[in-house]
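Student: Below is the file coords38.tsv, with TSV, C-alpha atoms.
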chain	number	residue	atom	x	y	z
P	1260	MET	CA	17.24	-31.06	-0.84
P	1261	ASP	CA	17.34	-32.86	-4.19
P	1262	SER	CA	15.89	-31.27	-7.28
P	1263	ARG	CA	12.13	-31.74	-7.66
P	1264	ARG	CA	9.86	-31.69	-10.69
P	1265	ILE	CA	7.45	-28.77	-10.25
P	1266	LEU	CA	4.43	-28.22	-12.50
P	1267	TYR	CA	2.98	-24.70	-12.24
P	1268	VAL	CA	-0.63	-24.56	-13.50
P	1269	ILE	CA	-2.34	-21.25	-14.28
P	1270	ASN	CA	-5.44	-20.10	-16.19
P	1271	GLY	CA	-3.52	-18.04	-18.73
P	1272	PHE	CA	-1.22	-15.06	-19.10
P	1273	ASP	CA	-3.46	-12.02	-18.79
P	1274	PRO	CA	-1.52	-8.96	-17.59
P	1275	GLY	CA	-2.78	-9.19	-14.03
P	1276	GLY	CA	-1.41	-9.56	-10.51
P	1277	ALA	CA	-1.25	-13.36	-10.18
P	1278	GLU	CA	-0.09	-13.83	-13.75
P	1279	HIS	CA	2.58	-11.14	-13.54
P	1280	GLY	CA	3.56	-12.57	-10.16
P	1281	LEU	CA	4.70	-15.76	-11.90
P	1282	LEU	CA	7.07	-13.66	-14.00
P	1283	SER	CA	8.46	-12.09	-10.82
P	1284	LEU	CA	9.08	-15.53	-9.33
P	1285	LEU	CA	10.93	-16.62	-12.47
P	1286	GLN	CA	13.00	-13.46	-12.75
P	1287	ASN	CA	14.13	-13.82	-9.14
P	1288	GLU	CA	15.04	-17.51	-9.46
P	1289	PHE	CA	12.43	-18.69	-7.00
P	1290	PHE	CA	12.47	-22.14	-8.61
P	1291	ALA	CA	16.27	-22.29	-8.94
P	1292	GLY	CA	17.66	-25.79	-8.49
P	1293	HIS	CA	14.41	-27.51	-9.48
P	1294	GLU	CA	12.94	-28.70	-12.77
P	1295	LEU	CA	10.02	-26.45	-13.67
P	1296	LYS	CA	7.30	-26.75	-16.29
P	1297	ILE	CA	4.45	-24.25	-16.70
P	1298	LEU	CA	1.02	-25.28	-18.02
P	1299	ALA	CA	-1.46	-22.56	-19.00
P	1300	PHE	CA	-5.01	-23.32	-20.13
P	1301	CYS	CA	-5.03	-20.38	-22.59
P	1302	ARG	CA	-2.59	-17.77	-23.88
P	1303	GLY	CA	-4.42	-14.78	-22.47
P	1304	ARG	CA	-4.17	-11.20	-23.69
P	1305	GLY	CA	-1.11	-9.11	-24.24
P	1306	ALA	CA	2.54	-10.11	-24.42
P	1307	LEU	CA	3.00	-11.62	-20.96
P	1308	SER	CA	3.12	-15.17	-22.34
P	1309	THR	CA	6.06	-14.19	-24.54
P	1310	ARG	CA	7.91	-12.64	-21.61
P	1311	ILE	CA	7.38	-15.71	-19.44
P	1312	ALA	CA	8.54	-18.01	-22.24
P	1313	SER	CA	11.68	-15.90	-22.70
P	1314	VAL	CA	12.62	-16.42	-19.04
P	1315	ALA	CA	11.48	-20.01	-18.53
P	1316	GLY	CA	12.28	-21.19	-22.07
P	1317	ALA	CA	9.58	-21.71	-24.67
P	1318	SER	CA	9.91	-25.50	-24.45
P	1319	ASN	CA	9.03	-25.36	-20.77
P	1320	VAL	CA	5.74	-23.53	-21.27
P	1321	VAL	CA	2.77	-25.66	-22.35
P	1322	LEU	CA	-0.08	-23.60	-23.85
P	1323	VAL	CA	-3.20	-25.73	-24.05
P	1324	SER	CA	-5.04	-23.17	-26.19
P	1325	GLU	CA	-4.08	-20.06	-28.17
P	1326	GLU	CA	-7.35	-18.42	-27.15
P	1327	ALA	CA	-7.29	-15.12	-25.26
P	1328	THR	CA	-9.89	-16.08	-22.66
P	1329	LEU	CA	-10.96	-19.15	-20.73
P	1330	THR	CA	-13.90	-21.13	-22.05
P	1331	LEU	CA	-15.46	-24.42	-21.01
P	1332	ARG	CA	-13.69	-25.99	-23.97
P	1333	THR	CA	-10.26	-24.74	-22.86
P	1334	LEU	CA	-10.90	-25.92	-19.30
P	1335	LEU	CA	-11.75	-29.42	-20.52
P	1336	ALA	CA	-8.68	-29.42	-22.77
P	1337	GLY	CA	-6.64	-28.18	-19.82
P	1338	ALA	CA	-7.85	-31.06	-17.68
P	1339	ARG	CA	-6.75	-33.55	-20.36
P	1340	ALA	CA	-3.35	-31.86	-20.70
P	1341	LEU	CA	-2.87	-31.86	-16.94
P	1342	TRP	CA	-3.76	-35.56	-16.81
P	1343	ARG	CA	-1.11	-36.28	-19.46
P	1344	GLU	CA	1.53	-34.33	-17.54
P	1345	HIS	CA	0.78	-36.35	-14.41
P	1346	ARG	CA	1.02	-39.61	-16.35
P	1347	THR	CA	4.13	-38.85	-18.43
P	1348	TRP	CA	6.24	-36.29	-16.57
P	1349	ARG	CA	5.11	-37.31	-13.06
P	1350	PRO	CA	5.54	-33.98	-11.25
P	1351	GLU	CA	6.33	-34.23	-7.58
P	1352	VAL	CA	4.83	-30.81	-6.83
P	1353	VAL	CA	1.84	-29.23	-8.62
P	1354	VAL	CA	1.23	-25.52	-7.92
P	1355	LEU	CA	-2.29	-24.31	-8.81
P	1356	SER	CA	-2.78	-20.56	-9.37
P	1357	LEU	CA	-6.21	-18.88	-9.76
P	1358	LYS	CA	-9.58	-20.45	-9.06
P	1359	GLN	CA	-10.32	-22.28	-12.33
P	1360	ALA	CA	-6.85	-23.83	-12.33
P	1361	ASN	CA	-7.44	-24.84	-8.72
P	1362	ILE	CA	-10.74	-26.56	-9.45
P	1363	VAL	CA	-9.42	-28.47	-12.46
P	1364	GLY	CA	-6.03	-29.16	-10.85
P	1365	ARG	CA	-7.45	-30.47	-7.59
P	1366	LEU	CA	-9.89	-32.73	-9.42
P	1367	VAL	CA	-7.15	-34.27	-11.57
P	1368	ALA	CA	-4.83	-34.55	-8.56
P	1369	CYS	CA	-7.36	-36.81	-6.85
P	1370	PHE	CA	-6.25	-39.53	-9.28
P	1371	PHE	CA	-2.54	-38.99	-8.55
P	1372	PRO	CA	-2.22	-39.09	-4.75
P	1373	THR	CA	1.59	-39.17	-4.67
P	1374	SER	CA	1.99	-35.65	-6.08
P	1375	GLN	CA	2.09	-32.74	-3.63
P	1376	CYS	CA	-0.78	-30.37	-4.42
P	1377	VAL	CA	-0.22	-26.67	-3.64
P	1378	SER	CA	-2.94	-24.02	-3.82
P	1379	PHE	CA	-1.52	-20.55	-4.51
P	1380	GLU	CA	-3.97	-17.93	-3.20
P	1381	HIS	CA	-3.92	-14.41	-4.64
P	1382	ILE	CA	-7.13	-12.75	-3.46
P	1383	ALA	CA	-8.98	-12.69	-0.15
P	1384	ARG	CA	-12.41	-13.36	-1.65
P	1385	TYR	CA	-13.26	-15.09	-4.91
P	1386	ARG	CA	-15.51	-13.08	-7.20
P	1387	ALA	CA	-17.37	-14.23	-10.31
P	1388	ARG	CA	-19.89	-12.53	-12.56
P	1389	ARG	CA	-21.96	-15.71	-12.45
P	1390	LEU	CA	-22.18	-18.73	-10.16
P	1391	GLU	CA	-19.93	-17.32	-7.42
P	1392	TRP	CA	-21.61	-19.68	-4.95
P	1393	LEU	CA	-20.70	-22.65	-7.13
P	1394	TYR	CA	-17.02	-21.69	-7.20
P	1395	HIS	CA	-17.11	-21.41	-3.42
P	1396	TYR	CA	-18.49	-24.92	-2.90
P	1397	LEU	CA	-16.31	-26.55	-5.57
P	1398	LEU	CA	-13.16	-25.04	-4.11
P	1399	TRP	CA	-14.20	-25.99	-0.58
P	1400	GLY	CA	-15.27	-29.50	-1.57
P	1401	LEU	CA	-12.03	-30.24	-3.45
P	1402	SER	CA	-9.76	-28.65	-0.86
P	1403	PHE	CA	-9.26	-31.99	0.91
P	1404	ARG	CA	-6.73	-32.73	-1.87
P	1405	VAL	CA	-4.63	-29.62	-1.11
P	1406	ASP	CA	-1.47	-30.50	0.79
P	1407	GLU	CA	0.03	-27.03	1.06
P	1408	ILE	CA	-1.19	-23.44	0.81
P	1409	TRP	CA	0.79	-20.48	-0.48
P	1410	ALA	CA	-0.73	-17.02	-0.06
P	1411	ASP	CA	0.56	-13.70	-1.36
P	1412	SER	CA	-0.07	-11.99	1.99
P	1413	HIS	CA	-1.04	-12.84	5.57
P	1414	GLU	CA	-4.41	-11.19	4.96
P	1415	THR	CA	-5.05	-13.41	1.93
P	1416	HIS	CA	-4.13	-16.45	3.98
P	1417	ARG	CA	-6.53	-15.56	6.79
P	1418	GLU	CA	-9.44	-14.71	4.53
P	1419	THR	CA	-9.17	-17.73	2.22
P	1420	GLN	CA	-9.41	-20.26	5.04
P	1421	ARG	CA	-13.17	-20.26	4.38
P	1422	TYR	CA	-12.49	-22.10	1.11
P	1423	PHE	CA	-10.66	-25.03	2.74
P	1424	VAL	CA	-11.82	-27.98	4.80
P	1425	ARG	CA	-9.81	-28.29	7.97
P	1426	ARG	CA	-6.79	-30.59	7.82
P	1427	ARG	CA	-3.07	-30.43	8.56
P	1428	ARG	CA	-1.20	-28.54	5.81
P	1429	LYS	CA	2.02	-26.65	5.31
P	1430	GLN	CA	1.29	-22.96	4.87
P	1431	HIS	CA	3.51	-20.14	3.57
P	1432	VAL	CA	3.19	-16.46	2.71
P	1433	LEU	CA	4.85	-15.65	-0.62
P	1434	PRO	CA	4.51	-12.05	-1.89
P	1435	VAL	CA	4.82	-12.01	-5.68
P	1436	PHE	CA	6.45	-8.60	-5.83
P	1437	TYR	CA	10.00	-7.34	-5.71
P	1438	THR	CA	11.85	-4.10	-6.34
P	1439	ASP	CA	15.42	-2.82	-6.29
P	1440	GLU	CA	17.47	0.36	-6.01
P	1441	CYS	CA	17.68	0.73	-9.80
P	1442	ALA	CA	13.90	1.02	-10.26
P	1443	PRO	CA	12.82	4.50	-11.42
P	1444	HIS	CA	11.36	6.59	-8.61
P	1445	LYS	CA	9.88	9.99	-7.91
P	1446	THR	CA	12.24	12.75	-6.76
P	1447	SER	CA	10.16	15.95	-7.02
P	1448	TYR	CA	7.02	16.46	-4.94
P	1449	ALA	CA	6.02	19.88	-6.28
P	1450	LEU	CA	2.42	19.85	-7.48
P	1451	HIS	CA	1.44	20.07	-11.12
P	1452	THR	CA	-1.32	22.16	-12.65
P	1453	PRO	CA	-3.72	20.55	-13.15
P	1454	LEU	CA	-3.28	18.21	-10.20
P	1455	ARG	CA	-2.36	14.81	-11.64
P	1456	LEU	CA	-4.00	11.74	-10.11
P	1457	VAL	CA	-3.21	8.22	-11.26
P	1458	ALA	CA	-4.70	4.76	-10.69
P	1459	ALA	CA	-3.86	1.31	-12.05
P	1460	GLY	CA	-5.43	-2.12	-12.05
P	1461	ARG	CA	-7.91	-4.42	-13.72
P	1462	LEU	CA	-11.04	-2.58	-14.83
P	1463	VAL	CA	-13.55	-4.65	-12.87
P	1464	GLY	CA	-16.15	-3.74	-10.28
P	1465	ARG	CA	-14.19	-4.61	-7.15
P	1466	LYS	CA	-11.50	-2.07	-8.08
P	1467	ASN	CA	-14.05	0.79	-7.81
P	1468	MET	CA	-12.40	2.93	-10.47
P	1469	MET	CA	-15.74	4.72	-10.90
P	1470	VAL	CA	-15.36	6.15	-7.40
P	1471	ALA	CA	-12.12	7.85	-8.45
P	1472	ILE	CA	-13.85	9.22	-11.56
P	1473	GLU	CA	-16.72	10.51	-9.39
P	1474	ALA	CA	-14.17	12.25	-7.16
P	1475	VAL	CA	-12.65	13.99	-10.18
P	1476	ARG	CA	-16.11	15.05	-11.29
P	1477	ALA	CA	-16.83	16.56	-7.84
P	1478	MET	CA	-13.46	18.31	-7.65
P	1479	ARG	CA	-13.98	19.82	-11.10
P	1480	ALA	CA	-17.47	20.97	-10.10
P	1481	ARG	CA	-15.99	22.98	-7.23
P	1482	GLY	CA	-13.48	24.59	-9.60
P	1483	ASP	CA	-10.36	22.44	-9.09
P	1484	ALA	CA	-8.01	21.79	-11.99
P	1485	VAL	CA	-7.46	18.03	-11.79
P	1486	SER	CA	-6.83	15.09	-14.11
P	1487	LEU	CA	-6.84	11.31	-13.69
P	1488	ASP	CA	-4.98	8.68	-15.70
P	1489	ILE	CA	-6.12	5.07	-15.25
P	1490	PHE	CA	-3.73	2.31	-16.38
P	1491	GLY	CA	-5.22	-1.11	-17.01
P	1492	ASP	CA	-7.83	-2.94	-19.03
P	1493	GLY	CA	-10.82	-5.11	-18.34
P	1494	PRO	CA	-14.50	-5.69	-19.03
P	1495	ASP	CA	-15.67	-2.44	-17.39
P	1496	ALA	CA	-13.69	-0.22	-19.77
P	1497	PRO	CA	-16.60	0.54	-22.17
P	1498	MET	CA	-18.94	1.42	-19.29
P	1499	MET	CA	-16.30	3.67	-17.73
P	1500	GLN	CA	-15.60	5.47	-20.99
P	1501	GLU	CA	-19.32	6.01	-21.50
P	1502	ALA	CA	-19.59	7.62	-18.04
P	1503	ILE	CA	-16.52	9.78	-18.68
P	1504	ASN	CA	-18.07	11.10	-21.88
P	1505	ALA	CA	-21.52	11.58	-20.36
P	1506	TRP	CA	-20.08	13.60	-17.47
P	1507	GLY	CA	-18.01	15.80	-19.74
P	1508	LEU	CA	-14.71	14.52	-18.36
P	1509	ALA	CA	-13.06	13.41	-21.61
P	1510	ASP	CA	-10.44	16.15	-21.22
P	1511	ALA	CA	-9.73	15.19	-17.59
P	1512	VAL	CA	-9.96	11.40	-17.27
P	1513	ARG	CA	-7.96	9.11	-19.56
P	1514	LEU	CA	-8.17	5.33	-19.81
P	1515	ALA	CA	-4.54	4.69	-20.67
P	1516	GLY	CA	-4.83	0.92	-21.19
P	1517	TYR	CA	-2.45	-1.70	-19.89
P	1518	GLN	CA	1.18	-0.57	-19.67
P	1519	GLN	CA	3.83	-3.04	-18.60
P	1520	ASP	CA	5.87	-0.32	-16.85
P	1521	TRP	CA	2.96	1.88	-15.82
P	1522	ALA	CA	4.75	3.08	-12.66
P	1523	SER	CA	7.49	4.68	-14.77
P	1524	HIS	CA	4.80	6.59	-16.70
P	1525	ALA	CA	3.22	7.65	-13.40
P	1526	LEU	CA	6.29	9.36	-11.93
P	1527	GLY	CA	5.07	12.70	-13.27
P	1528	HIS	CA	1.82	12.40	-11.31
P	1529	ASP	CA	1.11	13.79	-7.86
P	1530	VAL	CA	-1.02	11.16	-6.09
P	1531	PHE	CA	-1.76	7.46	-6.68
P	1532	VAL	CA	-5.22	6.22	-5.63
P	1533	ASN	CA	-6.47	2.66	-5.09
P	1534	LEU	CA	-10.06	2.05	-4.03
P	1535	SER	CA	-10.46	-1.73	-4.15
P	1536	ASP	CA	-12.90	-3.41	-1.77
P	1537	THR	CA	-11.07	-6.76	-2.05
P	1538	GLU	CA	-7.39	-7.46	-2.72
P	1539	GLY	CA	-4.68	-10.01	-2.25
P	1540	PHE	CA	-1.19	-8.59	-1.92
P	1541	CYS	CA	-2.13	-5.71	-4.30
P	1542	ILE	CA	0.90	-5.38	-6.55
P	1543	VAL	CA	-0.08	-2.00	-8.04
P	1544	VAL	CA	-0.05	-0.27	-4.64
P	1545	ALA	CA	3.31	-1.86	-3.84
P	1546	GLU	CA	4.62	-0.69	-7.23
P	1547	ALA	CA	3.37	2.85	-6.60
P	1548	MET	CA	4.99	2.91	-3.16
P	1549	ALA	CA	8.26	1.53	-4.54
P	1550	ALA	CA	8.20	4.35	-7.09
P	1551	GLY	CA	7.90	6.89	-4.26
P	1552	LEU	CA	4.41	8.07	-5.17
P	1553	PRO	CA	2.19	9.42	-2.37
P	1554	VAL	CA	-0.58	6.82	-2.08
P	1555	VAL	CA	-4.20	6.98	-0.91
P	1556	ALA	CA	-5.73	3.50	-0.66
P	1557	THR	CA	-8.47	1.50	0.99
P	1558	ALA	CA	-7.09	-0.70	3.76
P	1559	VAL	CA	-7.68	-4.14	2.25
P	1560	GLY	CA	-5.57	-7.24	1.61
P	1561	GLY	CA	-1.81	-6.89	1.84
P	1562	ILE	CA	-2.13	-3.09	2.06
P	1563	ARG	CA	-3.07	-3.61	5.70
P	1564	GLU	CA	0.33	-5.17	6.26
P	1565	TYR	CA	2.83	-3.06	4.34
P	1566	GLY	CA	0.87	0.21	4.43
P	1567	ARG	CA	1.33	2.26	7.61
P	1568	ASP	CA	-1.30	4.98	7.80
P	1569	GLY	CA	0.22	8.46	7.97
P	1570	GLN	CA	3.74	7.08	7.67
P	1571	ASN	CA	4.08	5.59	4.19
P	1572	ILE	CA	0.47	5.78	2.94
P	1573	LEU	CA	-2.90	7.39	3.68
P	1574	LYS	CA	-5.56	4.76	4.30
P	1575	MET	CA	-9.32	4.83	3.79
P	1576	ASP	CA	-11.85	2.48	5.38
P	1577	LEU	CA	-14.24	2.50	2.41
P	1578	PRO	CA	-14.05	3.41	-1.28
P	1579	ASP	CA	-15.90	6.72	-0.90
P	1580	ALA	CA	-15.50	9.74	-3.23
P	1581	THR	CA	-15.98	12.32	-0.46
P	1582	GLU	CA	-13.35	10.70	1.76
P	1583	LEU	CA	-10.99	10.36	-1.19
P	1584	ILE	CA	-11.28	14.08	-1.94
P	1585	ALA	CA	-10.55	14.88	1.71
P	1586	GLN	CA	-7.37	12.79	1.64
P	1587	ILE	CA	-6.28	14.34	-1.67
P	1588	ASP	CA	-6.88	17.83	-0.21
P	1589	ARG	CA	-4.73	16.89	2.76
P	1590	LEU	CA	-1.89	15.93	0.45
P	1591	THR	CA	-2.16	19.00	-1.77
P	1592	LEU	CA	-1.80	21.30	1.24
P	1593	HIS	CA	1.52	19.89	2.46
P	1594	GLU	CA	4.49	19.09	0.24
P	1595	SER	CA	6.34	17.83	3.32
P	1596	LEU	CA	3.63	15.18	3.83
P	1597	ARG	CA	3.77	14.10	0.18
P	1598	ARG	CA	7.55	13.79	0.34
P	1599	ARG	CA	7.56	11.96	3.67
P	1600	LEU	CA	4.99	9.42	2.54
P	1601	GLY	CA	6.68	8.84	-0.82
P	1602	GLU	CA	10.22	8.50	0.51
P	1603	SER	CA	9.19	6.29	3.44
P	1604	ALA	CA	7.16	4.07	1.14
P	1605	ARG	CA	10.12	3.55	-1.18
P	1606	ARG	CA	12.47	2.72	1.70
P	1607	ASP	CA	10.01	0.21	3.15
P	1608	MET	CA	9.46	-1.54	-0.18
P	1609	LEU	CA	13.20	-1.83	-0.80
P	1610	ALA	CA	13.75	-3.27	2.67
P	1611	GLU	CA	10.94	-5.86	2.58
P	1612	TYR	CA	10.65	-6.86	-1.07
P	1613	SER	CA	14.10	-7.21	-2.52
P	1614	ALA	CA	15.19	-10.02	-4.85
P	1615	ASP	CA	17.29	-11.41	-1.98
P	1616	ALA	CA	14.19	-11.58	0.23
P	1617	MET	CA	12.38	-13.61	-2.44
P	1618	ARG	CA	15.30	-16.03	-2.78
P	1619	ARG	CA	15.35	-16.52	0.99
P	1620	ARG	CA	11.68	-17.47	0.87
P	1621	SER	CA	12.48	-19.94	-1.89
P	1622	ARG	CA	15.11	-21.69	0.22
P	1623	ILE	CA	12.63	-22.01	3.09
P	1624	MET	CA	9.71	-23.24	0.98
P	1625	LEU	CA	11.41	-25.38	-1.65
P	1626	GLY	CA	14.79	-26.12	-0.16
P	1627	THR	CA	16.55	-24.50	-3.11
P	1628	ARG	CA	20.28	-24.00	-3.09
P	1629	ALA	CA	22.34	-21.19	-4.56
P	1630	ARG	CA	22.72	-22.66	-8.04
P	1631	PRO	CA	21.36	-21.83	-11.52
P	1632	ALA	CA	17.72	-22.48	-12.33
P	1633	SER	CA	16.95	-25.72	-14.14
P	1634	PHE	CA	14.03	-26.02	-16.53
P	1635	HIS	CA	12.69	-29.19	-18.05
P	1636	GLY	CA	12.10	-29.37	-21.75
P	1637	ALA	CA	8.55	-30.20	-22.72
Go ahead and render the structure in this file as structure tokens.

Tutor:
Amino acid sequence: MDSRRILYVINGFDPGGAEHGLLSLLQNEFFAGHELKILAFCRGRGALSTRIASVAGASNVVLVSEEATLTLRTLLAGARALWREHRTWRPEVVVLSLKQANIVGRLVACFFPTSQCVSFEHIARYRARRLEWLYHYLLWGLSFRVDEIWADSHETHRETQRYFVRRRRKQHVLPVFYTDECAPHKTSYALHTPLRLVAAGRLVGRKNMMVAIEAVRAMRARGDAVSLDIFGDGPDAPMMQEAINAWGLADAVRLAGYQQDWASHALGHDVFVNLSDTEGFCIVVAEAMAAGLPVVATAVGGIREYGRDGQNILKMDLPDATELIAQIDRLTLHESLRRRLGESARRDMLAEYSADAMRRRSRIMLGTRARPASFHGA
């Protein structure tokens, strides 16, 4: 297939799953053989924008605003910038990632019917602090303009069908995660004292980090020596820290902030926990499994697909502190179980999510050939 002009539109470069997933696609040459330009409505927080620019080339990344968060002003400016790109660069494919980018991108695409509009889905259910119902109806109402759907897991694809009017579309599953043999991994499964638990992810309600903190509180109350490190940032951080202090857990629970290579820091921990009630692919669980950590997680999103209960992970039906403690107790009793889960998880991740596997998906979805990536100067 001939090279195509691809415009990738995203809210910003916060250090999250969908945003970091773009970096994974770039690093593994998913867009090789095509001209790629990236348009972000805002810079976002952290250094992810710099990392993406270093891979894609700074001239190929269009930042509409230097602001850290999305505002109505940045969305309106983003719509104008997207209109200009359609008029001047004339992209043949426009990939829309995250819900605000999808709403704005679909609306603008209505005026440019010759471009192929792709919706890239990263989470099974859209959540919003305000006006969640409005997002639902806007996404559904504008979905007639979507020609193709990418989803980061089969579960995400199934669940997000509620946001699309029925019509014929191409549909693909594209996990935005990869690992390799050189990635650091756990080798010792002897327990530490205190027992070291670890979690990672955005500090928002659907991640249920407070349930893990409650479990630590209960374990300490019964006399267990246990600690919990939580990697990530988000709007719930102040509330979580307040609860940690109020419950007298400041010496046991640490909010470690966002760490780019959090899994490397977690290798000295005993158990990784994830208690989300909604997920897409769930990169942090995949990262923990690739690092060989024993994992306890709620069975949501992509975890239902790559997590095999009792074989490479221990699954929970609900984010419940009592059930979490029971699963942790099960792991602490048997080193052989911890080792089996950790080693099987690492093998499975290496087999299913290698860089070669991502490049094969690229050839299927975009028709790319084995040749260097080509980026278009802005």

Student: Find the residue from P:Ile1362, P:Val1435, P:Leu1266, P:Ala1477 that sits nearest to Glu1611 in chain P; use all atoms listed in the file when measuring.

Tutor: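 Result for the nearest residue to Glu1611 in chain P: P:Val1435.
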
Student: Compile a residue-level contact table for range 1504-1595 of chain P against range 1299-1321 of chain P at a cut-off of 10 Å, reporting for every qualifying residue the shortest atom pair and its distance in Å to one decimal, with all atoms listed in the file counted, rows ordered by chain and ascending number, as a tab-separated table.

Tutor:
residue	atom	partner	partner_atom	distance
P:Tyr1517	CA	P:Gly1305	CA	8.7
P:Gln1518	CA	P:Gly1305	CA	10.0
P:Gln1519	CA	P:Leu1307	CA	8.9

Student: CA of Leu1508 in chain P and CA of Leu1487 in chain P are how many Å apart?

Tutor: 9.7 Å

Student: Would you mind reading off the distance between CA of Gly1276 in chain P and CA of Glu1407 in chain P, one decimal, in Å?

Tutor: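 Going from CA of Gly1276 in chain P over to CA of Glu1407 in chain P covers 21.0 Å.
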
Student: Please, which residues are within 12 Å of (0.6, -16.2, 1.9) by the file's coordinates, counting all atoms listed in the file, and could they come as a ChimeraX atom specification?

Tutor: /P:1377-1383,1407-1420,1429-1435,1539-1540,1560-1561,1564,1620,1624

Student: Give me, please, the distance in Å between CA of Leu1357 in chain P and CA of Glu1288 in chain P, quoted to one decimal.

Tutor: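 Here the two named atoms are 21.3 Å from each other.
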
Student: Give me the residues within 9 Å of Ser1447 in chain P as a count of residues only, counting all atoms listed in the file and dropping any in the same chain fewer than 2 places off.

Tutor: 5

Student: Taking the point (-12.1, 12.8, -11.3) as given in the file, collect each protein or nucleic acid residue that comes within 9 Å of it, counting all atoms listed in the file, and present the set as number ranges by chain.

Tutor: P: 1456, 1469-1479, 1485-1487, 1508, 1511-1512

Student: Could you tell me which of P:Asp1495, P:Glu1602, P:Glu1440, P:Glu1294 comes closest to Val1554 in chain P if we count all atoms listed in the file?

Tutor: P:Glu1602

Student: Got a sec: who's within 12 Å of Asp1615 in chain P, counting all atoms listed in the file, leaving out chain neighbours fewer than 2 positions off, as a list of chain:residue names?

Tutor: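 Counting all atoms listed in the file, the residues come to P:Leu1284, P:Gln1286, P:Asn1287, P:Glu1288, P:Phe1289, P:Phe1436, P:Tyr1437, P:Thr1438, P:Asp1439, P:Leu1609, P:Ala1610, P:Glu1611, P:Tyr1612, P:Ser1613, P:Met1617, P:Arg1618, P:Arg1619, P:Arg1620, P:Ser1621, P:Arg1622, P:Ala1629.
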
Student: P:Gly1275, P:Gly1464, P:Pro1553, P:Gly1566: which is nearest Arg1589 in chain P, counting all atoms listed in the file?

Tutor: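 Going through P:Gly1275, P:Gly1464, P:Pro1553, P:Gly1566 one by one, the smallest distance to Arg1589 in chain P is for P:Pro1553.
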
Student: Need to verify the contact set: Arg1567 in chain P, 10 Å, all atoms listed in the file, exclusion of same-chain residues closer than 4 positions in sequence. Can you return it as a CSV table (one decimal) with C-alpha atoms, in the coordinates of the input?

Tutor:
chain,number,residue,atom,x,y,z
P,1558,ALA,CA,-7.1,-0.7,3.8
P,1562,ILE,CA,-2.1,-3.1,2.1
P,1563,ARG,CA,-3.1,-3.6,5.7
P,1571,ASN,CA,4.1,5.6,4.2
P,1572,ILE,CA,0.5,5.8,2.9
P,1573,LEU,CA,-2.9,7.4,3.7
P,1574,LYS,CA,-5.6,4.8,4.3
P,1600,LEU,CA,5.0,9.4,2.5
P,1603,SER,CA,9.2,6.3,3.4
P,1604,ALA,CA,7.2,4.1,1.1
P,1607,ASP,CA,10.0,0.2,3.2

Student: Taking all atoms listed in the file into account, which of P:His1524, P:His1593, P:His1293, P:Arg1349 comes nearest Pro1443 in chain P?

Tutor: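 Between P:His1524, P:His1593, P:His1293, P:Arg1349, the residue approaching Pro1443 in chain P most closely is P:His1524.
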
Student: As an NGL selection string, please: the residues near Cys1376 in chain P (cut-off 9 Å, only C-alpha atoms, same-chain neighbours under 5 positions excluded).

Tutor: :P and (1351-1355 or 1364-1365 or 1368 or 1404-1408)

Student: Counting all atoms listed in the file, which residue out of P:Asn1270, P:Ser1535, P:Gln1586, P:Gln1500 sits closest to Gly1569 in chain P?

Tutor: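 Looking only at the distances to Gly1569 in chain P, the closest residue turns out to be P:Gln1586.
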